[in-house]
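*Asks:* Provided herewith is a single structure, encoded as structure tokens, for subsequent inquiry.
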Amino acid sequence: MARGGDVRFWGLDFPEPLPEREAEISAADLVATFSAGWTLGEVQSMLRSEGLLIPHGGLCLEHPASQWPVRAADLTLEQAIGFDFPHALGHLYGGWTDWVLGLTVEDANSPGSEVKLGSRVVKSVAGYDGQKLFCGALGAFGRIVSVTLRVYPLSVPLHADLRGSGGPPSEDCVLHRVRPADLAALEATVGEHALALDRLGAWAVYPLGQKEDPPLRFAGDQLWRYGQVPELNPAARRLLTQAKVQLDPNDQHQPALWRPA
Amino acid sequence: MPTTDRLRDGLAREIGAERILSGPSVERTYESDAYNVDRSQPTVVVLPESTDEVAKVVRWCRREGIPFTARGAGTGLSGGAMPALGGVVISTKKLNRILEIDLPNRRMRAQAGVTNIALSKAVAAHGLHFAPDPSSQTVATLGGNIAENSGGPHTLKYGVTAPHILGLTLIDAEGEILELERGFGPDWIGMVVGSEGTLGVVTEAWVRLTPVPEHVETALACFGTVREASECVSAIISRGVLPAALEMMDRNILMALRAAFGLEFPDATQAMLLVECDGPREACRQEIEAVEQAFRDFGAITQQRARDAAERAKLWTARKKGVGAMGRLAPSVVTHDGVIPRSKLPEMLDAVYEIAARYQIGVANLFHAGDGNLHPCFYFDDRDPRQVEAVVAAGTEVIQKCIELGGSVTGEHGIGVEKLDLMGLMFSPGDLAYQARLKEIFGTNELCNPCKVLPNQRGCQEHRLRWRGVAT
Amino acid sequence: MSNHHDLEELTTHCIRCGFCLESCPTFKITGAEPESPRGRIYLVRGALEGKLPWQEIQEPLDHCLGCRACETACPSGVEYGAILELARERLGSKPATKALLTGLTNPGLAKIQFTLGRMLPGKRMPAALSRLIAGSPAEADLPRPQPTIPWPELDESKLPPVTGQVALVLGCVMRVLYDPVHTATKRLLRRVGLETVEIAAPCCGALHAHAGMLDEARTRAQQMAAAIPPGIPIVLNSAGCGSTMREYGFLDPGLSGIANRVRDLSEILLEHGMVEALREAQGFGGKRITYHDACHLAHGQKVTQPPRELLKAIPGAEFVEIDEADTCCGSAGIYNVVQPQMARALLERKWGHIAASGASLVSTGNPGCLAWIEQKSRETGQQIAVEHTAITLERAWG
């Protein structure tokens, strides 16, 4: 998998990483600010030399399965945040929306002007948390310039309960966040092809095989199918449409992605 | 027809007269929340019992052009529940039912008026709880916690309210009912949580249930200097310990506690640290031993560890009764709230003392030290306008210092009306304009909890003297 | 309680944090802030400062039970009970309430009223009279005196030697309605080696103080004090009286000495070895029992553990807690007569918790609670016994 620029996920193109490469790490405060063009792998190695890390234990840094479908380490921070890239330690450390304390973004409606969202400290409730909307937005609201993250000491425990086997499937796959109660049923159903991560946070990946539909629909929080943007509920669609109007009225970023059907 | 009658009659047709309160005693008791420097009276208060009734009220207000402001227990500390332009207060106190408990999936759906503590009590028998624990948790409501993104002493490890909300029902400012869930796409829930009731009224939510930790260890230490205590805080965290709580109290808080409750501590104490670790028994024991080693390394005068639940409660007394003890010293206490990078604690504390001395007002400090979230408490007599002004001015200087050190104007109390003027310290006009557009995503209007969070909103500026005028 | 009676000063100690809200029974029922402690204090302060007329705050203050659960919840030590009584004094009492109190707190007169009451249809206060006092039909049955319990003589040979004396205040309501409680009290005290000196002064002044009739309360307090012999502990088995007597210094600073000697029966029994004495009792053989905190014991006197420890010590009794055990039942002195609807709502809530506990007996330490919860028991077929803690403890011996 090529790094950075030409990662495709859900069939989406992400633009070239922005050129800046700055980093500021405060070990005493467990806070670090990075240009959004760094890859997660690069960021982790900078942090490691300060005795720190981002506890992103999913898909998976230290596991053979990490080659599939994308090595998290190859994603830029902008992409990882745009995908709200899943991982296996959510029950212990949360995810991107919890780690992203602040962002500097380009105002899509005013080229060249940058906007600060959130803060640079681990706790702040000042103003609207726009930085959270960029988590999972697939880049549709504009470019992320830099990211302030909450980071952790290297010594925190990183034990994801990896289940299933058979290695990473090569076919078209589904990434599914299931509720804990459904995990056993999912494993039983998809058998050895299931790669279930993190029994408490309950992520699972399983192959579609030849079938068009996934083998089971669980009452999970989301169902992501590689190669296809998921369905949205009416409330989320309404908000996304309005968000595009407010933040990227000329539809310059990920065009057509959120346009009503 | 007088305004009160028009509102009462109009709303009575929507949800029934028995759900509507009005009159002088209602106007007075709903004119502020626990932040009572600024006040503004509602015309009527409604007590709806369902999401549909809230939607009816919001749509009626929208049609008639009447401002509306949601209110839970009114324990907010920045004026978020103050009806800034009058109109209707929508109380959630009759939205007080737990709707569904889903134990296998560790989640629960409840109405917005349920108290924080009731959520935990409902699942205590199953070894679960709702993790956010603001000090007001016996009364503060789920809806209020969501509006303010409430924190508490245990948020160091468990996070503030946002990560514990899995879904919510929002009546937006147009009266539309939006069901938001965690899932694919932008983190809408993260945006609504902490928006101080300005994006609509949350009527229900799915909350995450967290297992009650298998084991808890609590230790307390007294230090001869604030610097040693602060450096100890940083050391604990950088050594890889993530305590559930890491709290600091300064000498003035301890003196107030000694006067009010007879708290005992060595005379040389300048700062006290309270640390709680939890988790699996063995890991927890190792963590607390690392903490105690840090206490020794940084020269603690005395230290002790709770041997049982009763001793733990005793060690927590100082922290929990701190602000109450201040209330015994003076008629009014304003608890400020700011955040700094943890490593700047000693410098910040020096600044707080210097500012208080310059304004000749009493101050004592409580910190969520692990988060760098400080709470300087100014105690004063709010019947003296000169003192009120001094407290407001001193508070502003404290927050200015927080920003200078790279921090935030508020860690958990919110902007409300209290900190409108301070937003400009942290955000440029361009940043604030962008935030106004973020607010517009929710189709919000000038009626939904007006004049909060963002400064310089249309039609608000001229009311500010009135809010303060009522107070002095 | 404070020695200064400055109402304004007392109200300023409230920093309006709101921590009291969920402790307040009327707030829990109505969800309305004027019906909360924070709201009421702020209304009183508003009336004092001329921000709103006194008559506007009459109703919220009338609705207050005076249970003082808010004082337990308050982190700032606000003296709500004192604020309430001083504000009620400022508002003045309704003549009908005055007449009711005069009858109730005079043992001779009360006996006649209650006897007459039993001859009335429905055994409630006539609607016309209730409307005069409460503005709505009555909910509370007129109380009826508890019949005497034929206990056997105590066997002196099995009792410990007498080691001390205590003064037992017989009171007004308790004496007329629950004389067997006094009998049980004296027997229990004797079982731990204490001899009882009965204090027959008619009324401690509690009900008058709660209604804001502070001058009347003071006169009664002074009469009571004069009737008590010096030096020995003063024992109360009525929570409302005990609470007021502990705070006699508020009515008259000269009575602080008396106040410091006041103890609840459960405290005295616990200190003198009742837990050990109960080991010899035959007990209840598997009965599930529970306890309702009288407000003026739990919140007025901060006595919550001693009665529980005693009940748990009864051999064979399975003690369970009810939800909201320390929330008012709605009786609250004369509250169930003057505010029948709210009192009824609180009684139903309390009874729901008691029934859900599966207990067949509920004990409590105050005559008002007893009469009110007993009424609900009667309405539901008397499946659950309602007793004074002293009766329950004494019955452990059979």
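Letters A, B, ... mark the chains of the structure tokens in the order given; residue numbers begin at 1 per chain; ligand numbers begin at 1, in order shown.
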Name the residues of range 222-333 of chain C that come out as helix (DSSP H, G or I) in a backbone DSSP run; write them as JSON, numbers by chain.
*Replies:* {"C": [222, 223, 224, 225, 226, 227, 239, 240, 241, 242, 243, 244, 245, 246, 248, 249, 250, 251, 253, 254, 255, 256, 257, 258, 259, 265, 266, 267, 268, 269, 270, 271, 274, 275, 276, 277, 278, 295, 296, 297, 298, 305, 306, 307, 308, 309, 310, 311, 312]}
*Asks:* Save out the residues we just selected, N, CA and C atoms, as a CSV table (one decimal), in the first residue's frame.
*Replies:*
```csv
chain,number,residue,atom,x,y,z
C,222,GLN,N,-39.8,27.4,77.8
C,222,GLN,CA,-39.4,27.8,79.1
C,222,GLN,C,-40.1,27.0,80.2
C,223,GLN,N,-41.4,26.7,79.9
C,223,GLN,CA,-42.2,25.9,80.9
C,223,GLN,C,-41.6,24.5,81.0
C,224,MET,N,-41.3,24.0,79.8
C,224,MET,CA,-40.7,22.6,79.7
C,224,MET,C,-39.4,22.6,80.5
C,225,ALA,N,-38.5,23.6,80.2
C,225,ALA,CA,-37.2,23.6,80.9
C,225,ALA,C,-37.4,23.6,82.4
C,226,ALA,N,-38.3,24.4,82.9
C,226,ALA,CA,-38.5,24.5,84.3
C,226,ALA,C,-38.9,23.2,85.0
C,227,ALA,N,-39.5,22.3,84.2
C,227,ALA,CA,-40.1,21.0,84.7
C,227,ALA,C,-39.0,19.9,84.7
C,239,ALA,N,-39.4,12.4,67.5
C,239,ALA,CA,-38.3,13.0,66.8
C,239,ALA,C,-38.5,14.5,66.7
C,240,GLY,N,-39.8,15.0,66.5
C,240,GLY,CA,-40.0,16.4,66.3
C,240,GLY,C,-39.7,17.2,67.6
C,241,CYS,N,-40.1,16.6,68.7
C,241,CYS,CA,-39.8,17.2,70.0
C,241,CYS,C,-38.3,17.3,70.3
C,242,GLY,N,-37.7,16.1,70.0
C,242,GLY,CA,-36.2,16.0,70.3
C,242,GLY,C,-35.5,17.1,69.5
C,243,SER,N,-35.9,17.2,68.2
C,243,SER,CA,-35.2,18.2,67.3
C,243,SER,C,-35.3,19.6,67.9
C,244,THR,N,-36.5,20.0,68.2
C,244,THR,CA,-36.7,21.3,68.7
C,244,THR,C,-36.0,21.5,70.1
C,245,MET,N,-36.0,20.5,70.9
C,245,MET,CA,-35.4,20.7,72.2
C,245,MET,C,-33.9,20.8,72.1
C,246,ARG,N,-33.3,20.1,71.2
C,246,ARG,CA,-31.9,20.2,71.0
C,246,ARG,C,-31.5,21.6,70.5
C,248,TYR,N,-33.2,24.4,71.5
C,248,TYR,CA,-33.8,25.4,72.4
C,248,TYR,C,-33.0,26.7,72.4
C,249,GLY,N,-31.7,26.6,72.2
C,249,GLY,CA,-30.9,27.8,72.2
C,249,GLY,C,-31.4,28.8,71.2
C,250,PHE,N,-32.0,28.3,70.1
C,250,PHE,CA,-32.5,29.2,69.1
C,250,PHE,C,-33.7,30.1,69.6
C,251,LEU,N,-34.5,29.4,70.4
C,251,LEU,CA,-35.7,30.1,70.9
C,251,LEU,C,-35.3,31.0,72.1
C,253,PRO,N,-31.5,31.7,74.2
C,253,PRO,CA,-30.2,31.3,74.5
C,253,PRO,C,-29.9,30.8,75.9
C,254,GLY,N,-30.8,31.2,76.8
C,254,GLY,CA,-30.7,30.7,78.2
C,254,GLY,C,-31.0,29.2,78.3
C,255,LEU,N,-31.6,28.6,77.3
C,255,LEU,CA,-32.0,27.2,77.4
C,255,LEU,C,-30.9,26.3,76.7
C,256,SER,N,-29.8,26.8,76.3
C,256,SER,CA,-28.8,26.0,75.7
C,256,SER,C,-28.4,24.8,76.5
C,257,GLY,N,-28.3,25.0,77.8
C,257,GLY,CA,-27.8,24.0,78.7
C,257,GLY,C,-28.8,22.8,78.7
C,258,ILE,N,-30.1,23.0,78.7
C,258,ILE,CA,-31.1,22.0,78.5
C,258,ILE,C,-30.9,21.3,77.2
C,259,ALA,N,-30.7,22.1,76.2
C,259,ALA,CA,-30.6,21.5,74.8
C,259,ALA,C,-29.5,20.5,74.7
C,265,LEU,N,-34.1,8.4,72.2
C,265,LEU,CA,-34.1,7.1,72.9
C,265,LEU,C,-33.1,6.1,72.3
C,266,SER,N,-33.1,6.0,71.0
C,266,SER,CA,-32.2,5.0,70.3
C,266,SER,C,-30.7,5.2,70.7
C,267,GLU,N,-30.3,6.5,70.8
C,267,GLU,CA,-28.9,6.8,71.1
C,267,GLU,C,-28.6,6.3,72.5
C,268,ILE,N,-29.5,6.6,73.5
C,268,ILE,CA,-29.3,6.2,74.9
C,268,ILE,C,-29.3,4.7,75.0
C,269,LEU,N,-30.2,4.0,74.3
C,269,LEU,CA,-30.3,2.5,74.4
C,269,LEU,C,-29.0,1.9,73.8
C,270,LEU,N,-28.5,2.5,72.7
C,270,LEU,CA,-27.3,1.9,72.1
C,270,LEU,C,-26.1,2.1,73.0
C,271,GLU,N,-26.0,3.3,73.6
C,271,GLU,CA,-24.9,3.5,74.5
C,271,GLU,C,-24.9,2.7,75.7
C,274,MET,N,-28.0,-1.9,74.7
C,274,MET,CA,-29.2,-2.6,74.3
C,274,MET,C,-28.9,-3.7,73.2
C,275,VAL,N,-27.8,-3.5,72.4
C,275,VAL,CA,-27.5,-4.6,71.4
C,275,VAL,C,-27.2,-5.9,72.2
C,276,GLU,N,-26.4,-5.8,73.2
C,276,GLU,CA,-26.1,-7.0,74.0
C,276,GLU,C,-27.4,-7.5,74.7
C,277,ALA,N,-28.2,-6.6,75.2
C,277,ALA,CA,-29.4,-7.1,75.9
C,277,ALA,C,-30.3,-7.9,75.0
C,278,LEU,N,-30.4,-7.4,73.7
C,278,LEU,CA,-31.3,-8.0,72.8
C,278,LEU,C,-30.9,-9.5,72.5
C,295,CYS,N,-38.1,12.7,59.7
C,295,CYS,CA,-37.2,13.8,59.3
C,295,CYS,C,-36.5,14.4,60.4
C,296,HIS,N,-37.2,14.7,61.5
C,296,HIS,CA,-36.6,15.4,62.6
C,296,HIS,C,-35.6,14.6,63.4
C,297,LEU,N,-35.5,13.3,63.1
C,297,LEU,CA,-34.5,12.5,63.7
C,297,LEU,C,-33.3,12.4,62.7
C,298,ALA,N,-33.5,12.1,61.5
C,298,ALA,CA,-32.4,12.0,60.5
C,298,ALA,C,-31.8,13.4,60.2
C,305,GLN,N,-28.1,6.1,62.4
C,305,GLN,CA,-27.6,4.7,62.6
C,305,GLN,C,-28.1,4.0,63.8
C,306,PRO,N,-28.2,4.8,65.0
C,306,PRO,CA,-28.6,4.0,66.2
C,306,PRO,C,-29.9,3.2,66.1
C,307,PRO,N,-31.0,3.8,65.5
C,307,PRO,CA,-32.2,2.9,65.4
C,307,PRO,C,-31.9,1.7,64.5
C,308,ARG,N,-31.2,1.9,63.5
C,308,ARG,CA,-30.9,0.7,62.6
C,308,ARG,C,-30.1,-0.3,63.3
C,309,GLU,N,-29.1,0.1,64.0
C,309,GLU,CA,-28.2,-0.9,64.7
C,309,GLU,C,-29.1,-1.7,65.7
C,310,LEU,N,-30.0,-1.0,66.4
C,310,LEU,CA,-30.8,-1.7,67.4
C,310,LEU,C,-31.8,-2.7,66.6
C,311,LEU,N,-32.4,-2.3,65.6
C,311,LEU,CA,-33.3,-3.1,64.9
C,311,LEU,C,-32.6,-4.4,64.3
C,312,LYS,N,-31.4,-4.1,63.8
C,312,LYS,CA,-30.6,-5.2,63.2
C,312,LYS,C,-30.2,-6.2,64.3
```
*Asks:* For range 386-398 of chain B, please output as an mmCIF file with N, CA and C atoms, in the first residue's frame all residues within 7 Å (counting only C-alpha atoms; exclusion window: fewer than 3 positions along the same chain).
*Replies:*
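The result, stored in selection13.cif:
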```cif
data_model
loop_
_atom_site.group_PDB
_atom_site.id
_atom_site.type_symbol
_atom_site.label_atom_id
_atom_site.label_comp_id
_atom_site.auth_asym_id
_atom_site.auth_seq_id
_atom_site.Cartn_x
_atom_site.Cartn_y
_atom_site.Cartn_z
ATOM 1 N N HIS B 336 -14.194 29.944 39.960
ATOM 2 C CA HIS B 336 -13.721 30.135 38.596
ATOM 3 C C HIS B 336 -13.214 28.821 38.033
ATOM 4 N N VAL B 352 -2.415 33.571 40.583
ATOM 5 C CA VAL B 352 -3.740 33.670 41.221
ATOM 6 C C VAL B 352 -3.632 34.408 42.556
ATOM 7 N N ILE B 355 -2.986 38.151 41.996
ATOM 8 C CA ILE B 355 -4.176 38.871 41.501
ATOM 9 C C ILE B 355 -5.172 39.099 42.644
ATOM 10 N N ALA B 356 -5.431 38.061 43.432
ATOM 11 C CA ALA B 356 -6.391 38.183 44.538
ATOM 12 C C ALA B 356 -5.918 39.237 45.535
ATOM 13 N N TYR B 359 -6.569 42.731 44.259
ATOM 14 C CA TYR B 359 -7.976 43.153 44.315
ATOM 15 C C TYR B 359 -8.555 43.072 45.732
ATOM 16 N N PHE B 378 -13.224 32.589 44.711
ATOM 17 C CA PHE B 378 -13.194 33.905 45.352
ATOM 18 C C PHE B 378 -14.354 33.992 46.316
ATOM 19 N N PHE B 380 -16.616 36.452 48.870
ATOM 20 C CA PHE B 380 -16.896 37.887 48.979
ATOM 21 C C PHE B 380 -18.340 38.088 49.408
ATOM 22 N N ASP B 381 -18.737 39.359 49.543
ATOM 23 C CA ASP B 381 -20.106 39.688 49.901
ATOM 24 C C ASP B 381 -20.789 40.284 48.670
ATOM 25 N N ASP B 382 -21.741 39.540 48.106
ATOM 26 C CA ASP B 382 -22.327 39.991 46.841
ATOM 27 C C ASP B 382 -23.307 41.153 47.032
ATOM 28 N N LYS B 401 -4.403 34.966 32.281
ATOM 29 C CA LYS B 401 -3.143 34.274 32.582
ATOM 30 C C LYS B 401 -3.183 32.834 32.043
ATOM 31 N N CYS B 402 -4.330 32.180 32.180
ATOM 32 C CA CYS B 402 -4.468 30.809 31.651
ATOM 33 C C CYS B 402 -4.159 30.784 30.154
#
```
*Asks:* For chain B, list the residues within 8 Å of chain A, counting only C-alpha atoms, and write the list as a tab-separated table (two decimals) with C-alpha atoms, in the first residue's frame.
*Replies:*
```tsv
chain	number	residue	atom	x	y	z
B	104	PRO	CA	-25.56	-7.02	27.52
B	105	ASN	CA	-24.57	-3.96	25.53
B	148	GLU	CA	-22.14	21.45	29.62
B	149	ASN	CA	-20.05	18.36	28.76
B	163	PRO	CA	-17.45	9.80	25.28
B	178	LEU	CA	-33.30	14.56	15.40
B	179	GLU	CA	-32.18	11.09	16.51
B	180	LEU	CA	-28.39	11.13	16.57
B	181	GLU	CA	-26.32	8.01	17.04
B	182	ARG	CA	-22.64	7.16	17.13
B	183	GLY	CA	-21.69	5.84	13.80
B	184	PHE	CA	-20.40	6.57	10.41
B	185	GLY	CA	-19.70	10.19	9.55
B	186	PRO	CA	-18.87	13.30	11.56
B	187	ASP	CA	-19.16	13.18	15.32
B	188	TRP	CA	-22.45	15.03	15.68
B	190	GLY	CA	-19.48	15.35	20.11
B	191	MET	CA	-20.65	18.66	18.68
B	194	GLY	CA	-21.04	20.80	25.38
B	195	SER	CA	-23.01	23.19	23.17
B	234	SER	CA	3.64	15.72	36.53
B	237	ILE	CA	1.62	10.97	35.05
B	238	SER	CA	4.88	10.83	33.14
B	239	ARG	CA	5.80	7.64	34.98
B	240	GLY	CA	2.93	6.01	33.15
B	241	VAL	CA	0.38	5.96	35.95
B	339	VAL	CA	-7.23	25.28	32.24
B	340	ILE	CA	-3.47	25.40	31.81
B	341	PRO	CA	-0.94	22.85	30.65
B	342	ARG	CA	-0.27	20.76	33.73
B	343	SER	CA	3.41	21.72	33.79
B	371	ASP	CA	-6.09	17.75	33.96
B	372	GLY	CA	-4.51	21.14	34.67
B	373	ASN	CA	-8.05	22.33	35.43
B	406	GLY	CA	-1.43	28.16	26.54
B	407	GLY	CA	-4.61	27.05	28.27
B	408	SER	CA	-8.38	27.44	27.96
B	409	VAL	CA	-10.93	29.90	29.32
B	410	THR	CA	-13.00	27.05	30.73
B	411	GLY	CA	-12.40	23.39	31.50
B	412	GLU	CA	-15.85	22.31	32.60
B	413	HIS	CA	-18.14	25.19	33.60
B	414	GLY	CA	-18.78	26.46	30.09
B	415	ILE	CA	-18.96	29.93	28.56
B	423	MET	CA	-13.87	34.03	24.15
B	427	PHE	CA	-10.25	32.71	19.47
B	430	GLY	CA	-12.23	34.65	12.16
B	431	ASP	CA	-12.33	31.61	14.47
B	434	TYR	CA	-16.41	30.01	11.79
B	435	GLN	CA	-18.01	28.84	15.06
B	437	ARG	CA	-21.32	28.88	10.98
B	438	LEU	CA	-20.93	25.62	12.91
B	439	LYS	CA	-23.92	26.71	14.99
B	440	GLU	CA	-25.91	27.44	11.81
B	441	ILE	CA	-25.58	23.78	10.78
B	442	PHE	CA	-28.24	23.01	13.35
B	443	GLY	CA	-30.62	25.48	11.79
B	453	VAL	CA	-21.37	30.87	24.05
B	454	LEU	CA	-20.59	33.30	21.21
```
*Asks:* Could you write out as a ChimeraX atom specification the residues of chain C within 12 Å of chain B, counting only C-alpha atoms?
*Replies:* /C:8-24,27-47,49,51-61,70,73-79,323-324
*Asks:* So, counting only C-alpha atoms, which residue among C:Arg131, C:His182, C:Arg68, C:Lys94 is closest to Ile391 in chain C?
*Replies:*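 Checking each of C:Arg131, C:His182, C:Arg68, C:Lys94 against Ile391 in chain C, counting only C-alpha atoms, the winner is C:His182.
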*Asks:* Range 281-333 of chain C near range 353-365 of chain C within 6 Å: what's each residue's closest atom pair and its distance in Å to one decimal, counting only C-alpha atoms, ordered by chain then ascending residue number, as JSON lines?
*Replies:*
```
{"residue": "C:Arg288", "atom": "CA", "partner": "C:Ala359", "partner_atom": "CA", "distance": 4.7}
{"residue": "C:Ile289", "atom": "CA", "partner": "C:Leu361", "partner_atom": "CA", "distance": 4.9}
{"residue": "C:Thr290", "atom": "CA", "partner": "C:Val362", "partner_atom": "CA", "distance": 4.9}
{"residue": "C:Tyr291", "atom": "CA", "partner": "C:Ser363", "partner_atom": "CA", "distance": 4.8}
{"residue": "C:His292", "atom": "CA", "partner": "C:Thr364", "partner_atom": "CA", "distance": 5.2}
{"residue": "C:Ala294", "atom": "CA", "partner": "C:Gly365", "partner_atom": "CA", "distance": 5.9}
{"residue": "C:Ile322", "atom": "CA", "partner": "C:His353", "partner_atom": "CA", "distance": 5.8}
{"residue": "C:Asp323", "atom": "CA", "partner": "C:His353", "partner_atom": "CA", "distance": 5.8}
```
*Asks:* Those selected residues, please, written with C-alpha atoms and delivered as an mmCIF file, in the first residue's frame.
*Replies:*
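Output file result_8.cif follows:
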```cif
data_model
loop_
_atom_site.group_PDB
_atom_site.id
_atom_site.type_symbol
_atom_site.label_atom_id
_atom_site.label_comp_id
_atom_site.auth_asym_id
_atom_site.auth_seq_id
_atom_site.Cartn_x
_atom_site.Cartn_y
_atom_site.Cartn_z
ATOM 1 C CA ARG C 288 -38.304 -8.976 57.399
ATOM 2 C CA ILE C 289 -38.324 -5.494 58.893
ATOM 3 C CA THR C 290 -37.423 -2.021 57.701
ATOM 4 C CA TYR C 291 -37.069 1.502 59.028
ATOM 5 C CA HIS C 292 -38.436 4.876 57.949
ATOM 6 C CA ALA C 294 -38.430 10.493 60.745
ATOM 7 C CA ILE C 322 -36.183 0.994 51.661
ATOM 8 C CA ASP C 323 -35.469 3.416 48.849
#
```
*Asks:* Give me the residues near range 245-250 of chain B as a VMD selection string, where near means some atom within 8 Å (using only C-alpha atoms) and where sequence neighbours in that chain fewer than 6 positions away do not count.
*Replies:* chain B and resid 153 to 157 226 233 270 to 277 319 364 to 370
*Asks:* Write to file, as a tab-separated table (two decimals), in the first residue's frame, the residues of the selection just made, with C-alpha atoms.
*Replies:*
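After the write, again.tsv holds the following:
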```tsv
chain	number	residue	atom	x	y	z
B	153	PRO	CA	-12.71	14.37	39.59
B	154	HIS	CA	-12.69	11.02	37.77
B	155	THR	CA	-12.59	12.44	34.24
B	156	LEU	CA	-8.80	12.22	34.20
B	157	LYS	CA	-9.12	8.52	33.42
B	226	VAL	CA	3.09	24.10	45.97
B	233	VAL	CA	1.66	15.56	39.77
B	270	GLN	CA	1.02	24.40	51.54
B	271	ALA	CA	-0.68	21.89	49.25
B	272	MET	CA	-2.45	18.55	49.56
B	273	LEU	CA	-2.69	15.91	46.85
B	274	LEU	CA	-5.41	13.29	46.66
B	275	VAL	CA	-4.81	10.44	44.24
B	276	GLU	CA	-7.13	7.57	43.41
B	277	CYS	CA	-6.20	4.57	41.25
B	319	ARG	CA	-12.01	17.60	48.31
B	364	ALA	CA	-8.65	29.50	47.70
B	365	ASN	CA	-7.75	26.91	45.08
B	366	LEU	CA	-9.03	23.48	44.16
B	367	PHE	CA	-7.53	21.76	41.14
B	368	HIS	CA	-8.26	18.78	39.05
B	369	ALA	CA	-4.45	18.78	38.94
B	370	GLY	CA	-4.14	15.83	36.59
```
*Asks:* Using the chain letters and numbers from this document, which residues of range 37-232 of chain C does DSSP assign to strand (DSSP E or B), as JSON, numbers by chain?
*Replies:* {"C": [124, 141, 164, 165, 166, 167, 168, 169, 194, 195, 196, 197, 198, 199]}
*Asks:* Got a sec: who's within 6 Å of Thr69 in chain B, counting only C-alpha atoms, leaving out chain neighbours fewer than 4 positions off, as a PDB file with C-alpha atoms, in the first residue's frame?
*Replies:*
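So out_24.pdb came out as:
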```pdb
ATOM      1  CA  PRO B  83     -33.257  32.977  30.211  1.00  0.00           C
ATOM      2  CA  VAL B  89     -37.847  28.208  30.441  1.00  0.00           C
ATOM      3  CA  ILE B  90     -38.229  24.564  29.432  1.00  0.00           C
ATOM      4  CA  ASN B 449     -31.025  29.818  24.489  1.00  0.00           C
TER       5      ASN B 449
END
```
*Asks:* Please indicate the distance in Å from CA of Pro15 in chain A to CA of Arg48 in chain A, rounded to one decimal place.
*Replies:* 27.9 Å
*Asks:* Would you work out the distance separating CA of Gly352 in chain C from CA of Asp133 in chain B, expressed in Å to one decimal?
*Replies:*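 Rounded to one decimal, the two atoms are 28.9 Å apart.
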